[in-house]
$ cat query.cif   # mmCIF, C-alpha atoms and all ligand atoms
data_input
loop_
_atom_site.group_PDB
_atom_site.id
_atom_site.type_symbol
_atom_site.label_atom_id
_atom_site.label_comp_id
_atom_site.auth_asym_id
_atom_site.auth_seq_id
_atom_site.Cartn_x
_atom_site.Cartn_y
_atom_site.Cartn_z
ATOM 1 C CA MET A 19 0.000 0.000 0.000
ATOM 2 C CA GLY A 20 1.254 3.472 -0.809
ATOM 3 C CA LEU A 21 0.972 5.487 2.402
ATOM 4 C CA ALA A 22 1.520 9.229 2.753
ATOM 5 C CA VAL A 23 1.729 11.329 5.890
ATOM 6 C CA ALA A 24 1.113 15.037 5.270
ATOM 7 C CA GLN A 25 2.753 17.076 7.999
ATOM 8 C CA MET A 26 1.517 20.661 8.330
ATOM 9 C CA GLY A 27 3.508 23.690 9.339
ATOM 10 C CA ALA A 28 1.840 26.359 11.438
ATOM 11 C CA VAL A 29 -1.778 27.406 11.013
ATOM 12 C CA ASN A 30 -1.920 30.912 12.452
ATOM 13 C CA LEU A 31 -4.966 32.660 13.889
ATOM 14 C CA ALA A 32 -5.276 34.805 10.780
ATOM 15 C CA ASP A 33 -5.354 31.851 8.347
ATOM 16 C CA THR A 34 -8.769 31.146 6.860
ATOM 17 C CA ARG A 35 -10.172 27.631 6.384
ATOM 18 C CA ALA A 36 -10.014 28.185 2.614
ATOM 19 C CA VAL A 37 -6.262 28.854 2.732
ATOM 20 C CA VAL A 38 -5.652 25.845 4.981
ATOM 21 C CA VAL A 39 -7.697 23.531 2.750
ATOM 22 C CA ARG A 40 -5.688 24.703 -0.284
ATOM 23 C CA ARG A 41 -2.538 23.533 1.522
ATOM 24 C CA LEU A 42 -4.149 20.165 2.263
ATOM 25 C CA VAL A 43 -5.242 19.771 -1.359
ATOM 26 C CA GLU A 44 -1.745 20.567 -2.589
ATOM 27 C CA MET A 45 -0.255 17.927 -0.301
ATOM 28 C CA MET A 46 -2.896 15.408 -1.344
ATOM 29 C CA ARG A 47 -1.885 15.963 -4.982
ATOM 30 C CA GLU A 48 1.763 15.441 -4.079
ATOM 31 C CA ALA A 49 0.899 12.247 -2.185
ATOM 32 C CA ALA A 50 -1.059 10.903 -5.173
ATOM 33 C CA ALA A 51 1.775 11.830 -7.549
ATOM 34 C CA ARG A 52 4.015 9.659 -5.389
ATOM 35 C CA LYS A 53 1.561 6.761 -5.786
ATOM 36 C CA ALA A 54 0.059 6.984 -2.313
ATOM 37 C CA GLU A 55 -3.413 5.482 -1.905
ATOM 38 C CA PHE A 56 -4.043 7.002 1.514
ATOM 39 C CA VAL A 57 -2.897 10.216 3.185
ATOM 40 C CA VAL A 58 -2.838 11.066 6.895
ATOM 41 C CA PHE A 59 -3.439 14.703 7.932
ATOM 42 C CA PRO A 60 -2.981 16.143 11.461
ATOM 43 C CA GLU A 61 -5.255 16.578 14.473
ATOM 44 C CA LEU A 62 -7.373 19.791 14.336
ATOM 45 C CA ALA A 63 -5.929 20.274 10.873
ATOM 46 C CA LEU A 64 -8.272 23.065 9.780
ATOM 47 C CA THR A 65 -7.429 25.630 12.455
ATOM 48 C CA THR A 66 -4.702 26.767 14.785
ATOM 49 C CA PHE A 67 -4.357 24.624 17.939
ATOM 50 C CA PHE A 68 -7.021 26.752 19.648
ATOM 51 C CA PRO A 69 -7.097 24.920 23.057
ATOM 52 C CA ARG A 70 -4.057 27.046 23.887
ATOM 53 C CA TYR A 71 -6.321 30.117 24.176
ATOM 54 C CA TRP A 72 -8.728 30.884 27.009
ATOM 55 C CA MET A 73 -12.182 31.815 25.693
ATOM 56 C CA GLU A 74 -15.798 30.977 26.329
ATOM 57 C CA ASP A 75 -17.133 27.827 24.674
ATOM 58 C CA ALA A 76 -19.524 29.845 22.512
ATOM 59 C CA GLU A 77 -16.623 31.761 20.983
ATOM 60 C CA ALA A 78 -14.611 28.578 20.402
ATOM 61 C CA VAL A 79 -17.592 26.872 18.779
ATOM 62 C CA GLU A 80 -18.237 29.839 16.532
ATOM 63 C CA ARG A 81 -14.639 30.166 15.364
ATOM 64 C CA TYR A 82 -13.123 26.707 15.401
ATOM 65 C CA PHE A 83 -15.754 23.938 15.244
ATOM 66 C CA GLU A 84 -17.191 22.294 12.122
ATOM 67 C CA LYS A 85 -20.972 22.042 12.203
ATOM 68 C CA THR A 86 -21.104 19.635 9.265
ATOM 69 C CA MET A 87 -18.537 17.471 7.493
ATOM 70 C CA PRO A 88 -17.862 17.942 4.700
ATOM 71 C CA ASN A 89 -18.840 21.613 4.500
ATOM 72 C CA ALA A 90 -18.269 24.255 1.841
ATOM 73 C CA ASP A 91 -14.740 25.057 3.067
ATOM 74 C CA VAL A 92 -13.594 21.436 3.186
ATOM 75 C CA GLN A 93 -15.431 20.257 0.058
ATOM 76 C CA PRO A 94 -12.392 20.855 -2.237
ATOM 77 C CA LEU A 95 -10.469 18.236 -0.244
ATOM 78 C CA PHE A 96 -13.242 15.676 -0.743
ATOM 79 C CA ASP A 97 -13.517 16.590 -4.447
ATOM 80 C CA THR A 98 -9.764 16.148 -4.920
ATOM 81 C CA ALA A 99 -9.811 12.816 -3.106
ATOM 82 C CA ARG A 100 -12.545 11.553 -5.450
ATOM 83 C CA GLU A 101 -10.729 12.896 -8.518
ATOM 84 C CA LEU A 102 -7.429 11.253 -7.519
ATOM 85 C CA GLY A 103 -8.924 8.101 -6.025
ATOM 86 C CA ILE A 104 -7.095 8.567 -2.720
ATOM 87 C CA GLY A 105 -8.383 7.989 0.817
ATOM 88 C CA PHE A 106 -7.573 10.169 3.810
ATOM 89 C CA TYR A 107 -7.686 10.737 7.582
ATOM 90 C CA LEU A 108 -8.501 14.242 8.820
ATOM 91 C CA GLY A 109 -8.729 15.686 12.327
ATOM 92 C CA TYR A 110 -11.092 18.560 13.172
ATOM 93 C CA ALA A 111 -13.216 20.002 16.001
ATOM 94 C CA GLU A 112 -16.742 18.564 15.706
ATOM 95 C CA LEU A 113 -19.963 20.210 16.875
ATOM 96 C CA THR A 114 -22.792 17.676 16.752
ATOM 97 C CA PRO A 115 -26.393 18.646 15.882
ATOM 98 C CA GLU A 116 -27.135 18.206 19.624
ATOM 99 C CA GLY A 117 -24.452 20.760 20.489
ATOM 100 C CA ARG A 118 -21.827 18.305 21.765
ATOM 101 C CA GLN A 119 -18.134 19.073 21.188
ATOM 102 C CA PHE A 120 -15.528 16.478 20.272
ATOM 103 C CA ASN A 121 -11.958 16.349 19.028
ATOM 104 C CA THR A 122 -12.666 14.145 16.018
ATOM 105 C CA ALA A 123 -11.000 12.302 13.141
ATOM 106 C CA ILE A 124 -12.666 10.828 10.073
ATOM 107 C CA LEU A 125 -11.652 8.085 7.691
ATOM 108 C CA VAL A 126 -12.569 8.843 4.090
ATOM 109 C CA ASP A 127 -12.374 6.216 1.352
ATOM 110 C CA ARG A 128 -11.160 6.583 -2.243
ATOM 111 C CA THR A 129 -14.618 7.617 -3.414
ATOM 112 C CA ALA A 130 -14.627 10.463 -0.842
ATOM 113 C CA ARG A 131 -17.193 8.723 1.383
ATOM 114 C CA ILE A 132 -16.780 9.074 5.160
ATOM 115 C CA ILE A 133 -16.600 5.472 6.342
ATOM 116 C CA GLY A 134 -15.315 5.891 9.898
ATOM 117 C CA LYS A 135 -15.271 8.368 12.763
ATOM 118 C CA TYR A 136 -13.188 8.530 15.929
ATOM 119 C CA ARG A 137 -13.675 10.934 18.853
ATOM 120 C CA LYS A 138 -10.596 11.485 21.010
ATOM 121 C CA ILE A 139 -10.666 9.557 24.266
ATOM 122 C CA HIS A 140 -7.485 10.622 26.100
ATOM 123 C CA LEU A 141 -7.965 14.372 26.488
ATOM 124 C CA PRO A 142 -4.893 16.020 28.039
ATOM 125 C CA GLY A 143 -4.660 19.365 29.788
ATOM 126 C CA HIS A 144 -7.198 21.106 32.044
ATOM 127 C CA SER A 145 -10.526 22.928 32.035
ATOM 128 C CA ASP A 146 -9.718 25.891 34.317
ATOM 129 C CA HIS A 147 -8.026 29.133 33.333
ATOM 130 C CA LYS A 148 -4.350 28.916 34.316
ATOM 131 C CA VAL A 149 -3.658 32.638 34.456
ATOM 132 C CA ASP A 150 0.053 32.232 35.249
ATOM 133 C CA ALA A 151 0.771 29.721 32.473
ATOM 134 C CA PRO A 152 2.399 30.928 29.213
ATOM 135 C CA PHE A 153 -0.503 29.338 27.316
ATOM 136 C CA GLN A 154 -3.414 27.037 28.041
ATOM 137 C CA HIS A 155 -4.132 23.404 27.146
ATOM 138 C CA LEU A 156 -7.931 23.436 27.351
ATOM 139 C CA GLU A 157 -8.884 20.165 25.718
ATOM 140 C CA LYS A 158 -10.746 19.171 28.898
ATOM 141 C CA LYS A 159 -12.807 22.360 28.606
ATOM 142 C CA PHE A 160 -13.595 22.356 24.917
ATOM 143 C CA PHE A 161 -14.110 18.633 24.293
ATOM 144 C CA GLU A 162 -16.071 15.736 25.783
ATOM 145 C CA VAL A 163 -14.364 12.367 26.115
ATOM 146 C CA GLY A 164 -15.032 10.456 22.896
ATOM 147 C CA ASP A 165 -17.997 8.090 22.909
ATOM 148 C CA LEU A 166 -17.228 5.871 19.916
ATOM 149 C CA GLY A 167 -14.404 3.672 21.221
ATOM 150 C CA PHE A 168 -11.387 2.677 19.123
ATOM 151 C CA GLY A 169 -12.756 1.342 15.842
ATOM 152 C CA VAL A 170 -11.147 -0.381 12.860
ATOM 153 C CA TRP A 171 -12.461 -0.032 9.305
ATOM 154 C CA GLU A 172 -11.587 -1.932 6.147
ATOM 155 C CA THR A 173 -11.055 0.083 3.007
ATOM 156 C CA ASN A 174 -9.411 -1.182 -0.165
ATOM 157 C CA ASP A 175 -8.449 -4.396 1.626
ATOM 158 C CA VAL A 176 -6.598 -2.590 4.430
ATOM 159 C CA LYS A 177 -7.822 -2.580 8.041
ATOM 160 C CA ILE A 178 -7.253 0.900 9.432
ATOM 161 C CA GLY A 179 -7.648 2.121 13.022
ATOM 162 C CA MET A 180 -7.614 5.750 14.180
ATOM 163 C CA CYS A 181 -6.638 7.713 17.243
ATOM 164 C CA LEU A 182 -5.583 11.292 18.037
ATOM 165 C CA CYS A 183 -2.453 12.791 19.551
ATOM 166 C CA ASN A 184 -2.326 12.035 23.311
ATOM 167 C CA ASP A 185 -3.997 8.653 22.637
ATOM 168 C CA ARG A 186 -0.709 7.578 21.067
ATOM 169 C CA ARG A 187 0.981 7.588 24.469
ATOM 170 C CA TRP A 188 -1.373 4.928 25.933
ATOM 171 C CA PRO A 189 -0.741 1.227 25.252
ATOM 172 C CA GLU A 190 -4.436 0.340 25.473
ATOM 173 C CA THR A 191 -5.172 2.518 22.427
ATOM 174 C CA TYR A 192 -3.185 0.322 20.077
ATOM 175 C CA ARG A 193 -4.023 -3.001 21.741
ATOM 176 C CA VAL A 194 -7.775 -2.460 21.422
ATOM 177 C CA MET A 195 -7.310 -1.835 17.701
ATOM 178 C CA SER A 196 -4.794 -4.607 17.088
ATOM 179 C CA LEU A 197 -7.245 -7.016 18.767
ATOM 180 C CA GLN A 198 -9.653 -5.996 15.983
ATOM 181 C CA SER A 199 -6.966 -6.965 13.445
ATOM 182 C CA ALA A 200 -5.880 -3.445 12.555
ATOM 183 C CA GLU A 201 -3.009 -3.477 10.078
ATOM 184 C CA LEU A 202 -2.420 0.274 10.038
ATOM 185 C CA ILE A 203 -3.053 2.813 12.787
ATOM 186 C CA VAL A 204 -3.165 6.462 11.767
ATOM 187 C CA LEU A 205 -3.087 9.540 13.952
ATOM 188 C CA GLY A 206 -2.589 13.273 13.912
ATOM 189 C CA TYR A 207 -1.049 15.369 16.663
ATOM 190 C CA ASN A 208 -0.356 18.879 17.974
ATOM 191 C CA THR A 209 2.364 18.555 20.621
ATOM 192 C CA PRO A 210 3.558 21.810 22.214
ATOM 193 C CA SER A 211 7.317 21.688 22.790
ATOM 194 C CA LEU A 212 6.791 23.359 26.179
ATOM 195 C CA ASN A 213 4.974 21.465 28.917
ATOM 196 C CA ILE A 214 3.005 23.907 31.092
ATOM 197 C CA HIS A 215 2.443 21.308 33.840
ATOM 198 C CA TRP A 216 6.069 20.564 34.775
ATOM 199 C CA ASP A 217 9.534 21.572 33.641
ATOM 200 C CA GLU A 218 9.927 18.831 31.041
ATOM 201 C CA PRO A 219 13.154 19.107 29.024
ATOM 202 C CA ALA A 220 12.084 20.129 25.500
ATOM 203 C CA HIS A 221 13.970 17.282 23.793
ATOM 204 C CA LEU A 222 11.877 14.720 25.721
ATOM 205 C CA ARG A 223 8.785 15.805 23.806
ATOM 206 C CA THR A 224 10.265 14.324 20.649
ATOM 207 C CA THR A 225 11.973 11.401 22.366
ATOM 208 C CA THR A 226 8.783 10.191 24.055
ATOM 209 C CA HIS A 227 6.850 10.674 20.809
ATOM 210 C CA GLU A 228 9.297 8.418 18.963
ATOM 211 C CA ILE A 229 9.392 5.804 21.722
ATOM 212 C CA VAL A 230 5.637 5.332 21.884
ATOM 213 C CA LEU A 231 5.212 5.083 18.112
ATOM 214 C CA GLN A 232 8.058 2.619 17.653
ATOM 215 C CA ALA A 233 7.247 0.419 20.651
ATOM 216 C CA SER A 234 3.515 0.415 19.947
ATOM 217 C CA ALA A 235 3.949 -0.484 16.270
ATOM 218 C CA TYR A 236 6.168 -3.398 17.265
ATOM 219 C CA GLN A 237 4.142 -4.669 20.252
ATOM 220 C CA ASN A 238 0.953 -4.647 18.200
ATOM 221 C CA ALA A 239 2.363 -5.775 14.842
ATOM 222 C CA VAL A 240 0.903 -2.750 13.053
ATOM 223 C CA TRP A 241 2.095 -0.005 10.763
ATOM 224 C CA VAL A 242 1.722 3.483 12.219
ATOM 225 C CA GLY A 243 1.363 6.737 10.269
ATOM 226 C CA ALA A 244 1.612 9.885 12.434
ATOM 227 C CA ALA A 245 1.114 13.435 11.135
ATOM 228 C CA ALA A 246 2.126 16.570 13.071
ATOM 229 C CA LYS A 247 0.902 20.098 12.909
ATOM 230 C CA CYS A 248 4.063 21.848 13.993
ATOM 231 C CA GLY A 249 6.351 24.837 13.941
ATOM 232 C CA HIS A 250 5.463 28.224 15.461
ATOM 233 C CA GLU A 251 1.741 28.974 15.530
ATOM 234 C CA ASP A 252 1.631 32.671 16.418
ATOM 235 C CA GLY A 253 4.806 32.123 18.431
ATOM 236 C CA HIS A 254 3.759 28.860 20.106
ATOM 237 C CA HIS A 255 6.093 26.068 19.049
ATOM 238 C CA MET A 256 5.006 22.449 18.441
ATOM 239 C CA ILE A 257 7.187 19.477 17.559
ATOM 240 C CA GLY A 258 7.422 17.940 14.089
ATOM 241 C CA SER A 259 8.875 14.451 13.482
ATOM 242 C CA SER A 260 5.915 13.087 11.541
ATOM 243 C CA MET A 261 6.714 9.518 10.672
ATOM 244 C CA ILE A 262 5.788 6.147 9.259
ATOM 245 C CA VAL A 263 6.777 3.236 11.510
ATOM 246 C CA ALA A 264 6.891 -0.431 10.520
ATOM 247 C CA PRO A 265 5.673 -3.367 12.644
ATOM 248 C CA SER A 266 9.357 -4.035 13.296
ATOM 249 C CA GLY A 267 9.439 -0.735 15.206
ATOM 250 C CA GLU A 268 11.683 0.806 12.559
ATOM 251 C CA ILE A 269 11.054 4.326 11.272
ATOM 252 C CA VAL A 270 10.809 4.026 7.490
ATOM 253 C CA ALA A 271 10.039 7.681 6.707
ATOM 254 C CA ARG A 272 10.377 10.835 8.760
ATOM 255 C CA ALA A 273 9.718 14.528 8.129
ATOM 256 C CA SER A 274 12.850 16.635 8.232
ATOM 257 C CA GLY A 275 11.474 20.122 8.849
ATOM 258 C CA GLU A 276 8.592 21.940 10.514
ATOM 259 C CA GLU A 277 6.731 23.077 7.402
ATOM 260 C CA ASP A 278 4.165 21.410 5.155
ATOM 261 C CA GLU A 279 5.901 18.198 4.062
ATOM 262 C CA VAL A 280 4.675 14.950 2.537
ATOM 263 C CA ILE A 281 6.483 11.748 3.460
ATOM 264 C CA THR A 282 5.645 8.461 1.770
ATOM 265 C CA ALA A 283 6.419 4.766 2.009
ATOM 266 C CA ASN A 284 5.299 1.690 0.160
ATOM 267 C CA ILE A 285 4.207 -0.335 3.169
ATOM 268 C CA ASP A 286 4.180 -4.123 3.155
ATOM 269 C CA LEU A 287 1.094 -5.199 5.095
ATOM 270 C CA GLY A 288 2.430 -8.753 5.168
ATOM 271 C CA MET A 289 5.109 -7.631 7.602
ATOM 272 C CA GLY A 290 2.541 -7.179 10.366
ATOM 273 C CA GLN A 291 1.190 -10.664 9.689
ATOM 274 C CA THR A 292 4.683 -12.141 10.085
ATOM 275 C CA PHE A 293 4.959 -10.670 13.588
ATOM 276 C CA ARG A 294 1.411 -11.848 14.350
ATOM 277 C CA ASP A 295 2.293 -15.360 13.261
ATOM 278 C CA HIS A 296 5.284 -15.533 15.581
ATOM 279 C CA VAL A 297 6.226 -13.449 18.625
ATOM 280 C CA PHE A 298 2.834 -11.683 18.758
ATOM 281 C CA ASN A 299 0.546 -14.584 17.951
ATOM 282 C CA PHE A 300 -2.177 -13.218 20.228
ATOM 283 C CA ALA A 301 -4.349 -16.345 20.276
ATOM 284 C CA LYS A 302 -1.413 -18.535 21.208
ATOM 285 C CA HIS A 303 0.496 -16.402 23.693
ATOM 286 C CA ARG A 304 -1.711 -13.755 25.309
ATOM 287 C CA SER A 305 -3.078 -14.434 28.823
ATOM 288 C CA PRO A 306 -6.012 -12.023 29.260
ATOM 289 C CA HIS A 307 -7.036 -13.586 32.593
ATOM 290 C CA HIS A 308 -3.794 -12.133 34.003
ATOM 291 C CA TYR A 309 -4.596 -8.669 32.666
ATOM 292 C CA LYS A 310 -7.856 -8.106 34.591
ATOM 293 C CA LEU A 311 -6.478 -5.229 36.669
ATOM 294 C CA ILE A 312 -6.179 -3.183 33.511
ATOM 295 C CA ILE A 313 -9.940 -2.918 33.170
ATOM 296 C CA GLU A 314 -10.694 -2.922 36.904
ATOM 297 C CA ARG A 315 -8.630 0.181 37.721
HETATM 298 N N1 LIG B 1 -2.952 17.498 21.397
HETATM 299 C C1 LIG B 1 -2.440 16.703 22.360
HETATM 300 O O1 LIG B 1 -3.072 15.754 22.788
HETATM 301 N N2 LIG B 1 -1.228 17.069 22.829
HETATM 302 C C2 LIG B 1 -0.620 16.380 23.936
HETATM 303 C C3 LIG B 1 0.125 17.340 24.790
HETATM 304 C C4 LIG B 1 0.155 16.868 26.170
HETATM 305 S S1 LIG B 1 0.738 18.060 27.314
HETATM 306 C C5 LIG B 1 -0.652 18.627 28.121
HETATM 307 C C6 LIG B 1 0.325 15.248 23.499
HETATM 308 O O2 LIG B 1 0.278 14.192 24.134
HETATM 309 O O3 LIG B 1 1.114 15.414 22.581
#

$ encode --input "query.cif" --output "structure tokens"
Amino acid sequence: MGLAVAQMGAVNLADTRAVVVRRLVEMMREAAARKAEFVVFPELALTTFFPRYWMEDAEAVERYFEKTMPNADVQPLFDTARELGIGFYLGYAELTPEGRQFNTAILVDRTARIIGKYRKIHLPGHSDHKVDAPFQHLEKKFFEVGDLGFGVWETNDVKIGMCLCNDRRWPETYRVMSLQSAELIVLGYNTPSLNIHWDEPAHLRTTTHEIVLQASAYQNAVWVGAAAKCGHEDGHHMIGSSMIVAPSGEIVARASGEEDEVITANIDLGMGQTFRDHVFNFAKHRSPHHYKLIIER
């Protein structure tokens, strides 16, 4: 399978949806030109990473949430996907018809049909206004915990699972999807290089990002495609290092900068099966009765 990860550089407050979608379309065309059949875009790809700003929910909803998907602004991305015959994953802030708010990702097939939806489960940050912090991380204010679980969808003979950003740090995320036979797990992220909760050395933000992707791909015998939104958004820096990781835990493609950048790899889905036949033959070697604490606490 030809897989592309489309890293995005900064989306600043002044950037309109139309301008952002043009960037996504351009990267989708580049991915298709490189024979990719599927492209992974970041979390909250259509706007700046707005949970860094304190505001009332009504203002956030008005400025940053999508009331329908697709909508007029995003339609060119769906039209291009249909024209090129390429599937994609896209993260955005979702407002449901009932007024509920989620940090959401969709899986779109090669005919531009939405075939899967994921709502972020591990929401980091806080809901109160931290007046002394250099910026906020208000995911717990602006979003509800996702209510759809970790699903896996088959499209063009590939079983794809989805998650979002902080989910990638939790082992359960991947295991729940690999138990549903996921072959590829895709995710987008916005990871500030500064941690407002403790004095975390900046380099650890990238190190821990790499560790979780590599270890999780290996332990679950899956390919992982991870797309950053990164660089300086109105002065707030976020890490790059978008990558494609093999079930061996090896990084097979990695973004080099902090701008819009498409990375691609021709991924061999059989590699995951090899690991599943041997060291990670779940049916043969797992002992779920010894894992009960995981769901009890
Ligand atoms: N967007 C997102 O989930 N970012 C988190 C930052 C955690 S620090 C509060 C991440 O895990 O990358």

$ resolve_selection --input "query.cif" --expression "the PyMOL selection byres (((chain A and resi 300-308) around 12) and not hetatm)" --output "ChimeraX atom specification"
/A:193,196-199,237-239,291,293-299,309-314

$ residues_near_ligand --input "query.cif" --ligand "ligand LIG 1 (chain B)" --cutoff "8 Å" --atoms "all atoms listed in the file" --output "compact mmCIF listing (two decimals) with C-alpha atoms, keeping the file's coordinate frame"
# COMPACT_ATOMS: atom_id res chain seq x y z
CA GLU A 61 -5.26 16.58 14.47
CA HIS A 140 -7.48 10.62 26.10
CA LEU A 141 -7.96 14.37 26.49
CA PRO A 142 -4.89 16.02 28.04
CA GLY A 143 -4.66 19.36 29.79
CA HIS A 155 -4.13 23.40 27.15
CA GLU A 157 -8.88 20.16 25.72
CA LEU A 182 -5.58 11.29 18.04
CA CYS A 183 -2.45 12.79 19.55
CA ASN A 184 -2.33 12.04 23.31
CA ASP A 185 -4.00 8.65 22.64
CA ARG A 186 -0.71 7.58 21.07
CA ARG A 187 0.98 7.59 24.47
CA TYR A 207 -1.05 15.37 16.66
CA ASN A 208 -0.36 18.88 17.97
CA THR A 209 2.36 18.56 20.62
CA PRO A 210 3.56 21.81 22.21
CA ASN A 213 4.97 21.46 28.92
CA ILE A 214 3.00 23.91 31.09
CA HIS A 215 2.44 21.31 33.84
CA ARG A 223 8.78 15.80 23.81
CA HIS A 227 6.85 10.67 20.81

$ closest_atom_pairs --input "query.cif" --of "stretch 88-137 of chain A" --to "stretch 172-180 of chain A" --cutoff "9 Å" --atoms "all atoms listed in the file" --output "CSV"
residue,atom,partner,partner_atom,distance
A:Gly105,CA,A:Thr173,CA,8.6
A:Tyr107,CA,A:Met180,CA,8.3
A:Ala123,CA,A:Met180,CA,7.4
A:Ile124,CA,A:Met180,CA,8.3
A:Leu125,CA,A:Met180,CA,8.0
A:Val126,CA,A:Thr173,CA,9.0
A:Asp127,CA,A:Thr173,CA,6.5
A:Arg128,CA,A:Asn174,CA,8.2
A:Ile133,CA,A:Thr173,CA,8.4
A:Gly134,CA,A:Met180,CA,8.8
A:Lys135,CA,A:Met180,CA,8.2
A:Tyr136,CA,A:Met180,CA,6.5

$ resolve_selection --input "query.cif" --expression "the PyMOL selection byres (((chain A and resi 109-122) around 6) and not hetatm)" --output "VMD selection string"
chain A and resid 60 to 63 83 to 85 108 123 136 to 138 161 to 162

$ resolve_selection --input "query.cif" --expression "the PyMOL selection byres (((chain A and resi 32) around 10) and not hetatm)" --output "list in words"
Val29, Asn30, Leu31, Asp33, Thr34, Arg35, Thr65, Thr66 and Asp252 of chain A

$ atom_distance --input "query.cif" --atom1 "atom CA of A:Phe59" --atom2 "atom CA of A:Glu190"
22.7 Å

$ closest_residue --input "query.cif" --among "A:Pro189, A:Gly206, A:Gly20, A:Pro219" --to "A:Ala235" --atoms "all atoms listed in the file"
A:Pro189

$ axis_aligned_box --input "query.cif" --around "stretch 145-158 of chain A" --padding-each-side "4 Å" --output "AutoDock Vina command-line options"
--center_x -4.2 --center_y 25.9 --center_z 30.5 --size_x 21.1 --size_y 21.5 --size_z 17.5

$ atom_distance --input "query.cif" --atom1 "atom CA of A:Gly290" --atom2 "atom CA of A:Ala22"
18.1 Å

$ closest_residue --input "query.cif" --among "A:Arg47, A:Asp165, A:His254, A:Met195" --to "A:Phe68" --atoms "all atoms listed in the file"
A:His254

$ closest_residue --input "query.cif" --among "A:Phe153, A:Phe168, A:Phe96, A:Tyr82" --to "A:Leu212" --atoms "all atoms listed in the file"
A:Phe153

$ closest_residue --input "query.cif" --among "A:Trp72, A:Trp188, A:Trp216, A:Phe106" --to "A:Ala24" --atoms "only C-alpha atoms"
A:Phe106

$ atom_distance --input "query.cif" --atom1 "atom CA of A:Glu228" --atom2 "atom CA of A:Ser259"
8.2 Å

$ closest_residue --input "query.cif" --among "A:Gly288, A:Pro69, A:Gly27, A:Pro265" --to "A:Ser234" --atoms "all atoms listed in the file"
A:Pro265

$ closest_residue --input "query.cif" --among "A:Tyr236, A:Tyr192, A:Trp171, A:Phe160" --to "A:Ala76" --atoms "only C-alpha atoms"
A:Phe160

$ residues_around --input "query.cif" --residues "A:Pro94" --least-positions-apart "3" --cutoff "10 Å" --atoms "all atoms listed in the file" --output "VMD selection string"
chain A and resid 36 39 to 40 42 to 43 88 to 91 97 to 100

$ write_last_selection --input "query.cif" --atoms "C-alpha atoms" --output "PDB file, keeping the file's coordinate frame"
ATOM      1  CA  ALA A  36     -10.014  28.185   2.614  1.00  0.00           C
ATOM      2  CA  VAL A  39      -7.697  23.531   2.750  1.00  0.00           C
ATOM      3  CA  ARG A  40      -5.688  24.703  -0.284  1.00  0.00           C
ATOM      4  CA  LEU A  42      -4.149  20.165   2.263  1.00  0.00           C
ATOM      5  CA  VAL A  43      -5.242  19.771  -1.359  1.00  0.00           C
ATOM      6  CA  PRO A  88     -17.862  17.942   4.700  1.00  0.00           C
ATOM      7  CA  ASN A  89     -18.840  21.613   4.500  1.00  0.00           C
ATOM      8  CA  ALA A  90     -18.269  24.255   1.841  1.00  0.00           C
ATOM      9  CA  ASP A  91     -14.740  25.057   3.067  1.00  0.00           C
ATOM     10  CA  ASP A  97     -13.517  16.590  -4.447  1.00  0.00           C
ATOM     11  CA  THR A  98      -9.764  16.148  -4.920  1.00  0.00           C
ATOM     12  CA  ALA A  99      -9.811  12.816  -3.106  1.00  0.00           C
ATOM     13  CA  ARG A 100     -12.545  11.553  -5.450  1.00  0.00           C
TER      14      ARG A 100
END
